[in-house]
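Student: After the structure tokens below, expect a handful of questions from me.
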Amino acid sequence: MTKTTIGKIGRQSAVRRWSMDEFTFTYIVDGPMSLSPTRFLSSFPDEYWRDHPEALDEAGGVPMTAGGLLVERDDLRLLIDAGLGDIKFDSHYGPIQGGALLETLKSVGLEPGDIEVFALTHIHIDHTGWAFVDDGRGTRTATFPNACYVLARQEWEPLSQGIPPAGMPDPTTVVQPLLSHPNLKLVEDGGEVVPGVSALVTPGHTPGHASYIMRSSFGKRLVVFGDVFHSPAQLEHPDWGSAPDSQTESVQGARARVLSELLKDETYAFSYHFGDQPFGSVVHDENGRVVWEPVPTQVLF
């Protein structure tokens with residue numbers, strides 16, 4: 001029997017599930033990242049971490065789990081992003097370890113062939129890891145063979161011209177297979193991915209970073225904001241940047257736009273990197289501050 005809890009911001013995320021009307025969302029965890037606050041979030045003042053020790057893990061890092069969001073509806077199986085892939089190493093920002101996504105997907109009763117739509121928020125290593133796999137003959141093949149692959153046109157255009165963003169994985173692992181993918185769908189800002197799911201193109205972290213909005217038949221919404229925010233502190237302090245932001249002058253505009261969506265009525269959000277609080281809403285507290293309010297979710301494992 002699964003339990004329903006609110007997790008802690010200073011821990012890696014469990015595999016959590018939350019329902020919104022006819023939608024069911026499951027965080028398909030791939031693996032942990034524990035990133036240095038002084039390197040990855042170097043614009044944060046030192047006193048923030050002194051005042052918020054609960055935001056750090058036992059090693060003093062910021063826990064930022066990687067994975068994909070499974071979106072299920074009667075007529076839909078959509079996966080947004082695909083974690084790190086089968087890798088483990090100490091990066092400049094801290095240790096990262098992927099590899100569990102396909103097993104996690106299997107544990108919730110699905111195989112890669114069951115995914116009908118695979119959408120990317122952006123082309124960074126911790127979101128594209130399982131997009132393609134080696135077929136054993138030196139060729140990269142789609143991990144989700146029956147899925148339409150979706151990417152914002154604004155993210156795709158520089159890639160197609162051979163201009164990779166900072167932080168992008170080896171082009172042979174993701175970009176080149178995308179170039180030859182027979183079922184690649186490029187979406188514009190506001191464009192429909194499938195009925196009930198639309199793209200919100202929010203450039204800044206990368207040239208065409210996309211958020212995605214799910215709308216239920218009863219008017220509720222879930223915003224998947226990718227890497228527009230890496231920490232709940234950035235909701236109140238959108239000028240506090242993240243090291244991989246490629247267009248720092250655009251990031252604050254992206255955050256302002258997403259915040260305006262998050263503060264609307266009946267709106268919830270999913271974050272890949274908010275510790276063990278991936279599902280929540282953005283609200284004003286009693287002092288008028290903009291804060292993250294996690295919602296209770298099922299812990300599958």
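Letters A, B, ... mark the chains of the structure tokens in the order given; residue numbers begin at 1 per chain; ligand numbers begin at 1, in order shown.
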Once DSSP has gone over the backbone, tell me which residues of range 36-100 of chain A are in strand (DSSP E), as a list of chain:residue names.
Tutor: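 Of range 36-100 of chain A, only A:Val62, A:Pro63, A:Ala66, A:Gly67, A:Gly68, A:Leu69, A:Leu70, A:Val71, A:Glu72, A:Arg73, A:Leu76, A:Arg77, A:Leu78, A:Leu79, A:Ile80, A:Lys88, A:Phe89, A:Asp90, A:Pro95, A:Ile96, A:Gln97 fall in strand (DSSP E).
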Student: Would you kindly return, as an MDAnalysis selection string, each protein, DNA or RNA residue with an atom no farther than 7 Å from any atom of Ile123 in chain A, considering only C-alpha atoms and excluding same-chain residues fewer than 3 positions away?
Tutor: chainID A and resid 127:128 168
Student: Just the residues within 9 Å of Lys8 in chain A, please, counting only C-alpha atoms, with nothing from its chain fewer than 5 positions along; format it as a PyMOL selection string.
Tutor: chain A and resi 13+54-55+275-277
Student: Kindly indicate which residue among A:Gln97, A:Ser271, A:Thr104, A:Asn146 lies nearest to Leu78 in chain A, using only C-alpha atoms for the distances.
Tutor: A:Asn146
Student: Report, in Å to a single decimal, how far apart CA of Glu22 in chain A and CA of Ala256 in chain A are.
Tutor: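 For CA of Ala256 in chain A relative to CA of Glu22 in chain A, the distance reads 28.9 Å.
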Student: Which of these, A:Val251, A:Leu41, A:Leu222, A:Ala119, has the shortest distance to Leu186 in chain A once you count only C-alpha atoms?
Tutor: A:Ala119
Student: Quick one: residues within 9 Å of Glu116 in chain A, only C-alpha atoms counted, chain neighbours fewer than 5 positions away excluded, as a list in words?
Tutor: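 Surrounding residues, per the criterion: Leu76, Arg77, Leu78, Leu79, Phe144, Pro145, Asn146, Ala147, Cys148 and Tyr149 of chain A.
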Student: Nearest residue to Pro45 in chain A out of A:Asp170, A:Asp239, A:Asp227, A:Asp126, using only C-alpha atoms?
Tutor: A:Asp239
Student: Record the distance separating CA of Val15 in chain A and CA of Leu70 in chain A, expressed in Å with one decimal.
Tutor: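 Distance reported for this atom pair: 10.8 Å.
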Student: Could you please write out, as a PyMOL selection string, every residue of range 196-271 of chain A that DSSP assigns to helix (DSSP H, G or I)?
Tutor: chain A and resi 233-236+248-262
Student: One number please: CA of Asp74 in chain A to CA of Thr202 in chain A, in Å, one decimal.
Tutor: 28.8 Å
Student: Please provide the set of residues having any atom within 10 Å of Thr139 in chain A, restricted to only C-alpha atoms, with same-chain residues fewer than 3 positions apart removed, written as number ranges by chain.
Tutor: A: 132-136, 142, 172-173, 177
Student: Excluding Val282 in chain A and its own-chain neighbours fewer than 3 positions away, which residues fall within 8 Å of it when counting only C-alpha atoms? Please give them as a PyMOL selection string.
Tutor: chain A and resi 262-263+268-269+290-293
Student: Restricting it to C-alpha atoms, dump the selection as a tab-separated table (two decimals), in the first residue's frame.
Tutor:
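Below you can see result_4.tsv, which holds the result:
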chain	number	residue	atom	x	y	z
A	262	LEU	CA	1.88	29.77	-11.65
A	263	LEU	CA	0.02	32.38	-9.61
A	268	TYR	CA	-0.17	23.58	-9.86
A	269	ALA	CA	3.41	22.90	-10.88
A	290	VAL	CA	6.06	34.19	-3.16
A	291	VAL	CA	6.69	30.66	-1.90
A	292	TRP	CA	6.53	27.02	-2.96
A	293	GLU	CA	3.73	25.05	-1.29
Student: Considering only C-alpha atoms, can you say which of A:Leu120, A:Ala82, A:Leu105, A:Leu184 comes closest to Ala210 in chain A?
Tutor: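 Among A:Leu120, A:Ala82, A:Leu105, A:Leu184, it is A:Leu120 that comes nearest to Ala210 in chain A.
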Student: From the options A:Gly219, A:Pro53, A:Gly129, A:Gly10, which residue's atoms come nearest to Val175 in chain A, counting only C-alpha atoms?
Tutor: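 For Val175 in chain A, the nearest of the candidates is A:Gly129.
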Student: For Pro171 in chain A, work out the shell of residues within 12 Å, counting only C-alpha atoms and skipping chain neighbours fewer than 4 positions away, then give it as a ChimeraX atom specification.
Tutor: /A:123-125,128-129,132,140,159-160,162-167,175-179
Student: Which is closest to Gly191 in chain A among A:Ser281, A:Val258, A:Ser211, A:Pro238, if we use only C-alpha atoms?
Tutor: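 The answer is A:Ser211, which sits nearest to Gly191 in chain A.
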